[in-house]
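Asker: Take a look at my_file19.txt, compact mmCIF, N, CA and C atoms:
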# COMPACT_ATOMS: atom_id res chain seq x y z
N MET X 1 121.29 180.54 152.01
CA MET X 1 122.16 179.48 151.51
C MET X 1 123.52 179.60 152.19
N GLN X 2 124.10 178.45 152.47
CA GLN X 2 125.38 178.42 153.14
C GLN X 2 126.41 177.71 152.27
N LYS X 3 127.61 178.25 152.28
CA LYS X 3 128.71 177.70 151.48
C LYS X 3 129.27 176.46 152.15
N VAL X 4 129.55 175.41 151.33
CA VAL X 4 130.09 174.16 151.85
C VAL X 4 131.20 173.64 150.93
N ILE X 5 132.04 172.80 151.49
CA ILE X 5 132.97 171.99 150.70
C ILE X 5 132.28 170.63 150.58
N PHE X 6 132.24 170.05 149.37
CA PHE X 6 131.49 168.82 149.18
C PHE X 6 132.31 167.76 148.45
N SER X 7 131.85 166.53 148.58
CA SER X 7 132.35 165.40 147.82
C SER X 7 131.14 164.51 147.51
N VAL X 8 130.90 164.26 146.23
CA VAL X 8 129.80 163.39 145.79
C VAL X 8 130.41 162.27 144.98
N SER X 9 130.23 161.03 145.44
CA SER X 9 130.75 159.85 144.74
C SER X 9 129.59 159.02 144.23
N LYS X 10 129.63 158.70 142.94
CA LYS X 10 128.59 157.85 142.34
C LYS X 10 129.12 156.44 142.25
N SER X 11 128.34 155.48 142.73
CA SER X 11 128.76 154.08 142.65
C SER X 11 128.02 153.40 141.51
N GLY X 12 128.46 152.22 141.17
CA GLY X 12 127.80 151.46 140.11
C GLY X 12 128.79 151.04 139.05
N LYS X 13 128.27 150.79 137.84
CA LYS X 13 129.10 150.30 136.74
C LYS X 13 130.13 151.34 136.29
N PHE X 14 129.75 152.62 136.32
CA PHE X 14 130.64 153.71 135.92
C PHE X 14 130.79 154.68 137.08
N PRO X 15 131.63 154.36 138.08
CA PRO X 15 131.75 155.24 139.25
C PRO X 15 132.44 156.56 138.89
N SER X 16 132.09 157.59 139.62
CA SER X 16 132.72 158.89 139.42
C SER X 16 132.71 159.65 140.74
N LYS X 17 133.52 160.69 140.81
CA LYS X 17 133.61 161.49 142.03
C LYS X 17 133.72 162.96 141.65
N SER X 18 133.01 163.79 142.37
CA SER X 18 133.04 165.22 142.15
C SER X 18 133.28 165.90 143.49
N THR X 19 134.22 166.85 143.52
CA THR X 19 134.51 167.59 144.74
C THR X 19 134.59 169.07 144.42
N GLY X 20 134.41 169.89 145.43
CA GLY X 20 134.52 171.32 145.21
C GLY X 20 133.76 172.12 146.24
N ILE X 21 133.38 173.32 145.85
CA ILE X 21 132.63 174.22 146.72
C ILE X 21 131.23 174.37 146.16
N GLY X 22 130.24 174.20 147.03
CA GLY X 22 128.85 174.31 146.64
C GLY X 22 128.06 175.05 147.70
N TYR X 23 126.75 174.94 147.63
CA TYR X 23 125.87 175.62 148.57
C TYR X 23 124.77 174.67 149.03
N ILE X 24 124.29 174.89 150.25
CA ILE X 24 123.15 174.15 150.77
C ILE X 24 122.09 175.12 151.26
N ASP X 25 120.85 174.68 151.22
CA ASP X 25 119.77 175.37 151.91
C ASP X 25 119.13 174.35 152.84
N ASP X 26 117.90 174.54 153.23
CA ASP X 26 117.26 173.63 154.18
C ASP X 26 117.02 172.24 153.60
N GLU X 27 116.97 172.10 152.27
CA GLU X 27 116.60 170.82 151.67
C GLU X 27 117.59 170.30 150.64
N ASN X 28 118.35 171.14 149.97
CA ASN X 28 119.12 170.74 148.80
C ASN X 28 120.60 171.08 148.90
N LEU X 29 121.40 170.31 148.16
CA LEU X 29 122.82 170.60 147.95
C LEU X 29 122.96 171.02 146.50
N TYR X 30 123.56 172.18 146.25
CA TYR X 30 123.75 172.72 144.90
C TYR X 30 125.24 172.67 144.57
N ILE X 31 125.57 172.00 143.46
CA ILE X 31 126.98 171.91 143.08
C ILE X 31 127.14 172.29 141.61
N PRO X 32 128.30 172.86 141.25
CA PRO X 32 128.55 173.16 139.84
C PRO X 32 128.90 171.88 139.09
N ALA X 33 128.46 171.79 137.83
CA ALA X 33 128.73 170.60 137.02
C ALA X 33 128.88 171.00 135.56
N LEU X 34 129.42 170.09 134.76
CA LEU X 34 129.54 170.27 133.32
C LEU X 34 128.76 169.19 132.60
N SER X 35 128.03 169.57 131.56
CA SER X 35 127.29 168.58 130.77
C SER X 35 128.27 167.82 129.88
N GLN X 36 127.78 166.79 129.18
CA GLN X 36 128.64 166.02 128.28
C GLN X 36 129.17 166.88 127.14
N LYS X 37 128.43 167.94 126.80
CA LYS X 37 128.87 168.85 125.74
C LYS X 37 129.78 169.96 126.26
N GLY X 38 130.01 169.99 127.58
CA GLY X 38 130.90 170.99 128.16
C GLY X 38 130.20 172.24 128.65
N ASN X 39 128.88 172.24 128.68
CA ASN X 39 128.14 173.40 129.15
C ASN X 39 127.99 173.36 130.67
N PRO X 40 128.27 174.45 131.37
CA PRO X 40 128.13 174.46 132.83
C PRO X 40 126.66 174.54 133.25
N TYR X 41 126.33 173.88 134.35
CA TYR X 41 124.99 173.96 134.93
C TYR X 41 125.09 173.69 136.43
N ILE X 42 124.00 173.91 137.15
CA ILE X 42 123.95 173.67 138.58
C ILE X 42 123.22 172.35 138.82
N ARG X 43 123.88 171.41 139.49
CA ARG X 43 123.28 170.12 139.82
C ARG X 43 122.68 170.22 141.21
N VAL X 44 121.46 169.73 141.38
CA VAL X 44 120.75 169.81 142.65
C VAL X 44 120.56 168.40 143.20
N PHE X 45 121.01 168.20 144.44
CA PHE X 45 120.78 166.93 145.14
C PHE X 45 119.80 167.20 146.27
N PRO X 46 118.58 166.66 146.20
CA PRO X 46 117.61 166.87 147.29
C PRO X 46 117.86 165.88 148.42
N CYS X 47 119.01 166.01 149.07
CA CYS X 47 119.46 164.94 149.97
C CYS X 47 119.77 165.39 151.38
N ILE X 48 119.57 166.62 151.72
CA ILE X 48 119.99 167.08 153.04
C ILE X 48 119.28 166.29 154.14
N SER X 49 118.04 165.88 153.90
CA SER X 49 117.32 165.12 154.92
C SER X 49 117.92 163.72 155.12
N TYR X 50 118.68 163.21 154.15
CA TYR X 50 119.32 161.89 154.27
C TYR X 50 120.69 161.97 154.93
N CYS X 51 121.25 163.15 155.06
CA CYS X 51 122.58 163.31 155.62
C CYS X 51 122.50 163.48 157.14
N TYR X 52 123.53 163.01 157.83
CA TYR X 52 123.59 163.11 159.27
C TYR X 52 124.96 163.63 159.67
N SER X 53 125.04 164.22 160.87
CA SER X 53 126.31 164.80 161.32
C SER X 53 127.28 163.70 161.71
N ILE X 54 128.56 163.98 161.52
CA ILE X 54 129.62 163.03 161.85
C ILE X 54 130.06 163.30 163.30
N VAL X 55 130.17 162.24 164.08
CA VAL X 55 130.53 162.36 165.49
C VAL X 55 131.94 162.95 165.62
N ASN X 56 132.12 163.87 166.56
CA ASN X 56 133.40 164.54 166.87
C ASN X 56 133.95 165.37 165.72
N ARG X 57 133.15 165.71 164.75
CA ARG X 57 133.56 166.58 163.65
C ARG X 57 132.48 167.64 163.46
N PRO X 58 132.69 168.80 164.02
CA PRO X 58 131.65 169.83 163.91
C PRO X 58 131.46 170.29 162.47
N ASP X 59 130.24 170.53 162.10
CA ASP X 59 129.85 171.05 160.79
C ASP X 59 130.14 170.09 159.63
N GLU X 60 130.38 168.80 159.89
CA GLU X 60 130.58 167.82 158.82
C GLU X 60 129.39 166.86 158.79
N PHE X 61 128.94 166.56 157.57
CA PHE X 61 127.77 165.70 157.39
C PHE X 61 128.05 164.71 156.27
N LYS X 62 127.39 163.54 156.34
CA LYS X 62 127.51 162.57 155.27
C LYS X 62 126.22 161.77 155.19
N GLY X 63 126.06 161.09 154.06
CA GLY X 63 124.87 160.27 153.87
C GLY X 63 124.86 159.64 152.49
N ASN X 64 123.88 158.78 152.27
CA ASN X 64 123.69 158.13 150.98
C ASN X 64 122.39 158.63 150.36
N TYR X 65 122.39 158.75 149.04
CA TYR X 65 121.21 159.19 148.30
C TYR X 65 121.08 158.32 147.07
N SER X 66 119.89 157.80 146.81
CA SER X 66 119.65 156.97 145.63
C SER X 66 118.54 157.58 144.81
N GLU X 67 118.66 157.45 143.49
CA GLU X 67 117.61 157.91 142.60
C GLU X 67 117.36 156.86 141.53
N ILE X 68 116.17 156.85 140.99
CA ILE X 68 115.78 155.92 139.94
C ILE X 68 115.70 156.70 138.64
N ARG X 69 116.36 156.19 137.60
CA ARG X 69 116.31 156.81 136.27
C ARG X 69 115.80 155.80 135.26
N GLU X 70 115.10 156.30 134.25
CA GLU X 70 114.65 155.45 133.16
C GLU X 70 115.62 155.58 132.00
N VAL X 71 116.03 154.44 131.44
CA VAL X 71 116.92 154.42 130.28
C VAL X 71 116.29 153.58 129.19
N GLU X 72 116.58 153.92 127.94
CA GLU X 72 116.08 153.15 126.81
C GLU X 72 117.19 152.24 126.30
N ILE X 73 116.87 150.96 126.16
CA ILE X 73 117.83 149.96 125.72
C ILE X 73 117.32 149.36 124.42
N PRO X 74 118.17 149.28 123.37
CA PRO X 74 117.71 148.67 122.12
C PRO X 74 117.41 147.18 122.30
N VAL X 75 116.35 146.71 121.63
CA VAL X 75 115.94 145.31 121.72
C VAL X 75 116.21 144.65 120.37
N TYR X 76 116.89 143.50 120.41
CA TYR X 76 117.20 142.72 119.21
C TYR X 76 116.55 141.36 119.35
N ASP X 77 116.13 140.75 118.21
CA ASP X 77 115.63 139.38 118.34
C ASP X 77 116.81 138.44 118.53
N ARG X 78 116.54 137.21 118.88
CA ARG X 78 117.60 136.28 119.28
C ARG X 78 118.62 136.05 118.17
N HIS X 79 118.18 135.88 116.93
CA HIS X 79 119.10 135.63 115.81
C HIS X 79 120.01 136.83 115.57
N ASP X 80 119.41 138.01 115.53
CA ASP X 80 120.22 139.21 115.29
C ASP X 80 121.16 139.49 116.46
N GLN X 81 120.74 139.20 117.67
CA GLN X 81 121.60 139.45 118.82
C GLN X 81 122.82 138.55 118.79
N THR X 82 122.64 137.29 118.35
CA THR X 82 123.77 136.36 118.24
C THR X 82 124.75 136.85 117.19
N SER X 83 124.24 137.24 116.01
CA SER X 83 125.15 137.72 114.98
C SER X 83 125.75 139.06 115.36
N PHE X 84 124.98 139.85 116.12
CA PHE X 84 125.49 141.15 116.58
C PHE X 84 126.72 140.94 117.47
N GLY X 85 126.67 139.92 118.34
CA GLY X 85 127.77 139.66 119.24
C GLY X 85 128.99 139.06 118.56
N THR X 86 128.80 138.26 117.50
CA THR X 86 129.93 137.58 116.87
C THR X 86 130.56 138.38 115.75
N ARG X 87 129.80 139.29 115.13
CA ARG X 87 130.33 140.02 113.96
C ARG X 87 131.01 141.33 114.32
N LYS X 88 131.03 141.69 115.58
CA LYS X 88 131.69 142.92 116.04
C LYS X 88 131.16 144.17 115.33
N ILE X 89 129.87 144.34 115.34
CA ILE X 89 129.24 145.50 114.73
C ILE X 89 129.25 146.64 115.74
N ASN X 90 129.57 147.83 115.28
CA ASN X 90 129.53 149.02 116.13
C ASN X 90 128.08 149.28 116.52
N PRO X 91 127.76 149.36 117.83
CA PRO X 91 126.37 149.56 118.24
C PRO X 91 125.77 150.88 117.77
N ASP X 92 126.61 151.85 117.40
CA ASP X 92 126.10 153.14 116.93
C ASP X 92 125.97 153.19 115.41
N SER X 93 126.31 152.11 114.68
CA SER X 93 126.29 152.13 113.22
C SER X 93 124.88 151.97 112.68
N GLN X 94 124.71 152.27 111.41
CA GLN X 94 123.41 152.13 110.75
C GLN X 94 122.98 150.67 110.70
N GLU X 95 123.93 149.75 110.52
CA GLU X 95 123.61 148.33 110.47
C GLU X 95 123.01 147.86 111.80
N ALA X 96 123.57 148.34 112.90
CA ALA X 96 123.02 148.00 114.21
C ALA X 96 121.63 148.58 114.38
N MET X 97 121.41 149.80 113.88
CA MET X 97 120.09 150.42 113.95
C MET X 97 119.06 149.63 113.15
N ASP X 98 119.48 149.08 112.00
CA ASP X 98 118.57 148.29 111.18
C ASP X 98 118.18 146.99 111.87
N MET X 99 119.08 146.42 112.67
CA MET X 99 118.81 145.17 113.37
C MET X 99 117.94 145.38 114.61
N CYS X 100 117.84 146.60 115.08
CA CYS X 100 117.09 146.90 116.30
C CYS X 100 115.59 146.77 116.05
N ASN X 101 114.90 146.08 116.94
CA ASN X 101 113.46 145.89 116.84
C ASN X 101 112.68 146.88 117.70
N GLY X 102 113.31 147.88 118.21
CA GLY X 102 112.66 148.86 119.06
C GLY X 102 113.47 149.07 120.33
N TYR X 103 112.89 149.80 121.23
CA TYR X 103 113.57 150.10 122.49
C TYR X 103 112.70 149.69 123.66
N GLU X 104 113.37 149.26 124.70
CA GLU X 104 112.70 148.88 125.93
C GLU X 104 113.15 149.84 127.02
N THR X 105 112.20 150.32 127.80
CA THR X 105 112.53 151.25 128.88
C THR X 105 112.73 150.46 130.17
N ARG X 106 113.84 150.71 130.83
CA ARG X 106 114.14 150.05 132.10
C ARG X 106 114.49 151.10 133.13
N GLU X 107 114.22 150.76 134.37
CA GLU X 107 114.58 151.65 135.47
C GLU X 107 115.87 151.15 136.10
N ILE X 108 116.81 152.06 136.34
CA ILE X 108 118.05 151.71 137.01
C ILE X 108 118.19 152.59 138.26
N GLU X 109 118.84 152.04 139.26
CA GLU X 109 119.07 152.78 140.50
C GLU X 109 120.51 153.29 140.51
N ILE X 110 120.65 154.56 140.83
CA ILE X 110 121.97 155.18 140.93
C ILE X 110 122.15 155.63 142.37
N SER X 111 123.24 155.19 143.00
CA SER X 111 123.51 155.54 144.40
C SER X 111 124.66 156.53 144.50
N TYR X 112 124.51 157.50 145.37
CA TYR X 112 125.51 158.52 145.61
C TYR X 112 125.89 158.52 147.09
N PHE X 113 127.18 158.68 147.38
CA PHE X 113 127.66 158.93 148.73
C PHE X 113 128.01 160.40 148.80
N ILE X 114 127.43 161.10 149.75
CA ILE X 114 127.59 162.55 149.84
C ILE X 114 128.24 162.93 151.17
N TRP X 115 129.24 163.79 151.09
CA TRP X 115 129.89 164.35 152.27
C TRP X 115 129.99 165.85 152.05
N PHE X 116 129.73 166.63 153.10
CA PHE X 116 129.97 168.07 153.00
C PHE X 116 130.31 168.63 154.37
N LYS X 117 131.02 169.76 154.33
CA LYS X 117 131.40 170.48 155.54
C LYS X 117 131.01 171.94 155.37
N LYS X 118 130.27 172.44 156.33
CA LYS X 118 129.89 173.84 156.31
C LYS X 118 131.11 174.69 156.59
N LEU X 119 131.29 175.73 155.79
CA LEU X 119 132.42 176.63 156.00
C LEU X 119 132.05 177.64 157.07
N SER X 120 132.82 177.67 158.15
CA SER X 120 132.55 178.59 159.25
C SER X 120 133.07 179.97 158.91
N GLY X 121 132.47 180.95 159.51
CA GLY X 121 132.89 182.33 159.28
C GLY X 121 132.33 182.91 157.99
N GLN X 122 131.48 182.17 157.30
CA GLN X 122 130.86 182.65 156.06
C GLN X 122 129.46 183.14 156.37
N ARG X 123 129.09 184.24 155.76
CA ARG X 123 127.73 184.72 155.91
C ARG X 123 126.81 183.90 155.03
N GLU X 124 125.58 183.72 155.46
CA GLU X 124 124.63 183.01 154.64
C GLU X 124 124.12 183.94 153.55
N LEU X 125 123.89 183.38 152.37
CA LEU X 125 123.37 184.15 151.25
C LEU X 125 121.85 184.11 151.25
N ALA X 126 121.23 185.22 151.08
CA ALA X 126 119.76 185.29 150.99
C ALA X 126 119.38 185.36 149.53
N ILE X 127 118.52 184.44 149.11
CA ILE X 127 118.06 184.45 147.72
C ILE X 127 116.59 184.68 147.67
What's the structure tokens form of this structure?
Answerer:
Amino acid sequence: MQKVIFSVSKSGKFPSKSTGIGYIDDENLYIPALSQKGNPYIRVFPCISYCYSIVNRPDEFKGNYSEIREVEIPVYDRHDQTSFGTRKINPDSQEAMDMCNGYETREIEISYFIWFKKLSGQRELAI
């Protein structure tokens, strides 16, 4: 494994950016991350094959990576959805849960822009 400086930007409705020091091997980029509850974990991007070297910049690479995720969306009938929109009901409240007729699973695409630079003078780690 080789140490790198990285930047991962997520595009879409809720864009975000993460930068720092991570590691790469022949196939993956490993970066430190925090869960929504604040617990640390290692995030793996299987994207090295999608990245290409940047012209006139030694040891720098960039690329795009997309993944498909399944999300569950609450389904309301037409009457309840109209009243749901006009009455300003909190979507997390019990009343909103009572109006829900079930959940529908949809696939969404999440795109990431990835940049990393290999740190020179660093020994590779054997795992």
Asker: Got a sec: who's within 9 Å of Ser11 (chain X), counting only C-alpha atoms, leaving out chain neighbours fewer than 5 positions off, as a short mmCIF file (atom, residue, chain, number, x, y, z; two decimals) with N, CA and C atoms, in the frame of the given file?
Answerer:
data_model
loop_
_atom_site.label_atom_id
_atom_site.label_comp_id
_atom_site.auth_asym_id
_atom_site.auth_seq_id
_atom_site.Cartn_x
_atom_site.Cartn_y
_atom_site.Cartn_z
N SER X 16 132.09 157.59 139.62
CA SER X 16 132.72 158.89 139.42
C SER X 16 132.71 159.65 140.74
N LYS X 17 133.52 160.69 140.81
CA LYS X 17 133.61 161.49 142.03
C LYS X 17 133.72 162.96 141.65
N ILE X 110 120.65 154.56 140.83
CA ILE X 110 121.97 155.18 140.93
C ILE X 110 122.15 155.63 142.37
N SER X 111 123.24 155.19 143.00
CA SER X 111 123.51 155.54 144.40
C SER X 111 124.66 156.53 144.50
N TYR X 112 124.51 157.50 145.37
CA TYR X 112 125.51 158.52 145.61
C TYR X 112 125.89 158.52 147.09
N PHE X 113 127.18 158.68 147.38
CA PHE X 113 127.66 158.93 148.73
C PHE X 113 128.01 160.40 148.80
#
Asker: Calculate how many Å separate atom C of Pro58 (chain X) from atom N of Pro15 (chain X), rounding to one decimal.
Answerer: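 We find that atom C of Pro58 (chain X) and atom N of Pro15 (chain X) lie 29.1 Å from each other.
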Asker: Tell me, in Å to one decimal, how far CA of Asn28 (chain X) is from CA of Lys117 (chain X).
Answerer: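 The value is 14.0 Å.
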Asker: So how far away is atom C of Asn56 (chain X) from atom C of Phe6 (chain X), in Å?
Answerer: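 According to the coordinates, atom C of Phe6 (chain X) and atom C of Asn56 (chain X) are separated by 17.5 Å.
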Asker: Contacts of Ile42 (chain X) at 8 Å or less, counting only N, CA and C atoms, minus same-chain residues fewer than 5 places along, as an MDAnalysis selection string?
Answerer: chainID X and resid 29:34
Asker: From region 44-79 of chain X, collect each residue whose DSSP state is strand (DSSP E or B) and return the set as a compact mmCIF listing (two decimals) with N, CA and C atoms, in the frame of the given file.
Answerer:
# COMPACT_ATOMS: atom_id res chain seq x y z
N VAL X 44 121.46 169.73 141.38
CA VAL X 44 120.75 169.81 142.65
C VAL X 44 120.56 168.40 143.20
N PHE X 45 121.01 168.20 144.44
CA PHE X 45 120.78 166.93 145.14
C PHE X 45 119.80 167.20 146.27
N TYR X 52 123.53 163.01 157.83
CA TYR X 52 123.59 163.11 159.27
C TYR X 52 124.96 163.63 159.67
N SER X 53 125.04 164.22 160.87
CA SER X 53 126.31 164.80 161.32
C SER X 53 127.28 163.70 161.71
N GLU X 60 130.38 168.80 159.89
CA GLU X 60 130.58 167.82 158.82
C GLU X 60 129.39 166.86 158.79
N PHE X 61 128.94 166.56 157.57
CA PHE X 61 127.77 165.70 157.39
C PHE X 61 128.05 164.71 156.27
N LYS X 62 127.39 163.54 156.34
CA LYS X 62 127.51 162.57 155.27
C LYS X 62 126.22 161.77 155.19
N GLY X 63 126.06 161.09 154.06
CA GLY X 63 124.87 160.27 153.87
C GLY X 63 124.86 159.64 152.49
N ASN X 64 123.88 158.78 152.27
CA ASN X 64 123.69 158.13 150.98
C ASN X 64 122.39 158.63 150.36
N TYR X 65 122.39 158.75 149.04
CA TYR X 65 121.21 159.19 148.30
C TYR X 65 121.08 158.32 147.07
N SER X 66 119.89 157.80 146.81
CA SER X 66 119.65 156.97 145.63
C SER X 66 118.54 157.58 144.81
N GLU X 67 118.66 157.45 143.49
CA GLU X 67 117.61 157.91 142.60
C GLU X 67 117.36 156.86 141.53
N ILE X 68 116.17 156.85 140.99
CA ILE X 68 115.78 155.92 139.94
C ILE X 68 115.70 156.70 138.64
N ARG X 69 116.36 156.19 137.60
CA ARG X 69 116.31 156.81 136.27
C ARG X 69 115.80 155.80 135.26
N GLU X 70 115.10 156.30 134.25
CA GLU X 70 114.65 155.45 133.16
C GLU X 70 115.62 155.58 132.00
N VAL X 71 116.03 154.44 131.44
CA VAL X 71 116.92 154.42 130.28
C VAL X 71 116.29 153.58 129.19
N GLU X 72 116.58 153.92 127.94
CA GLU X 72 116.08 153.15 126.81
C GLU X 72 117.19 152.24 126.30
N ILE X 73 116.87 150.96 126.16
CA ILE X 73 117.83 149.96 125.72
C ILE X 73 117.32 149.36 124.42
N PRO X 74 118.17 149.28 123.37
CA PRO X 74 117.71 148.67 122.12
C PRO X 74 117.41 147.18 122.30
Asker: I want to know what sits within 7 Å of Leu119 (chain X), based on only N, CA and C atoms, with residues of the same chain fewer than 5 positions away left out; could you give that as an MDAnalysis selection string?
Answerer: chainID X and resid 2:5 59
Asker: At a cut-off of 9 Å, using only C-alpha atoms, what residues contact region 65-70 of chain X? Leave out same-chain residues fewer than 3 positions from it and give the result as a PDB file with N, CA and C atoms, in the coordinates of the input.
Answerer:
ATOM      1  N   PHE X  45     121.010 168.200 144.440  1.00  0.00           N
ATOM      2  CA  PHE X  45     120.780 166.930 145.140  1.00  0.00           C
ATOM      3  C   PHE X  45     119.800 167.200 146.270  1.00  0.00           C
ATOM      4  N   PRO X  46     118.580 166.660 146.200  1.00  0.00           N
ATOM      5  CA  PRO X  46     117.610 166.870 147.290  1.00  0.00           C
ATOM      6  C   PRO X  46     117.860 165.880 148.420  1.00  0.00           C
ATOM      7  N   CYS X  47     119.010 166.010 149.070  1.00  0.00           N
ATOM      8  CA  CYS X  47     119.460 164.940 149.970  1.00  0.00           C
ATOM      9  C   CYS X  47     119.770 165.390 151.380  1.00  0.00           C
ATOM     10  N   TYR X  50     118.680 163.210 154.150  1.00  0.00           N
ATOM     11  CA  TYR X  50     119.320 161.890 154.270  1.00  0.00           C
ATOM     12  C   TYR X  50     120.690 161.970 154.930  1.00  0.00           C
ATOM     13  N   CYS X  51     121.250 163.150 155.060  1.00  0.00           N
ATOM     14  CA  CYS X  51     122.580 163.310 155.620  1.00  0.00           C
ATOM     15  C   CYS X  51     122.500 163.480 157.140  1.00  0.00           C
ATOM     16  N   THR X 105     112.200 150.320 127.800  1.00  0.00           N
ATOM     17  CA  THR X 105     112.530 151.250 128.880  1.00  0.00           C
ATOM     18  C   THR X 105     112.730 150.460 130.170  1.00  0.00           C
ATOM     19  N   ARG X 106     113.840 150.710 130.830  1.00  0.00           N
ATOM     20  CA  ARG X 106     114.140 150.050 132.100  1.00  0.00           C
ATOM     21  C   ARG X 106     114.490 151.100 133.130  1.00  0.00           C
ATOM     22  N   GLU X 107     114.220 150.760 134.370  1.00  0.00           N
ATOM     23  CA  GLU X 107     114.580 151.650 135.470  1.00  0.00           C
ATOM     24  C   GLU X 107     115.870 151.150 136.100  1.00  0.00           C
ATOM     25  N   ILE X 108     116.810 152.060 136.340  1.00  0.00           N
ATOM     26  CA  ILE X 108     118.050 151.710 137.010  1.00  0.00           C
ATOM     27  C   ILE X 108     118.190 152.590 138.260  1.00  0.00           C
ATOM     28  N   GLU X 109     118.840 152.040 139.260  1.00  0.00           N
ATOM     29  CA  GLU X 109     119.070 152.780 140.500  1.00  0.00           C
ATOM     30  C   GLU X 109     120.510 153.290 140.510  1.00  0.00           C
ATOM     31  N   ILE X 110     120.650 154.560 140.830  1.00  0.00           N
ATOM     32  CA  ILE X 110     121.970 155.180 140.930  1.00  0.00           C
ATOM     33  C   ILE X 110     122.150 155.630 142.370  1.00  0.00           C
ATOM     34  N   SER X 111     123.240 155.190 143.000  1.00  0.00           N
ATOM     35  CA  SER X 111     123.510 155.540 144.400  1.00  0.00           C
ATOM     36  C   SER X 111     124.660 156.530 144.500  1.00  0.00           C
ATOM     37  N   TYR X 112     124.510 157.500 145.370  1.00  0.00           N
ATOM     38  CA  TYR X 112     125.510 158.520 145.610  1.00  0.00           C
ATOM     39  C   TYR X 112     125.890 158.520 147.090  1.00  0.00           C
ATOM     40  N   PHE X 113     127.180 158.680 147.380  1.00  0.00           N
ATOM     41  CA  PHE X 113     127.660 158.930 148.730  1.00  0.00           C
ATOM     42  C   PHE X 113     128.010 160.400 148.800  1.00  0.00           C
ATOM     43  N   ILE X 114     127.430 161.100 149.750  1.00  0.00           N
ATOM     44  CA  ILE X 114     127.590 162.550 149.840  1.00  0.00           C
ATOM     45  C   ILE X 114     128.240 162.930 151.170  1.00  0.00           C
TER      46      ILE X 114
END
Asker: Using all atoms listed in the file, which of the listed residues (X:Glu60, X:Asp26, X:Glu104, X:Glu72) sits closest to Ile48 (chain X)?
Answerer: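 Among the listed residues, the smallest separation from Ile48 (chain X) belongs to X:Asp26.
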Asker: Neighbouring residues of Trp115 (chain X) were defined as those with any atom within 5 Å, considering all atoms listed in the file; residues of the same chain fewer than 4 positions away were excluded. Please report them as a PyMOL selection string.
Answerer: chain X and resi 6-7+61-62
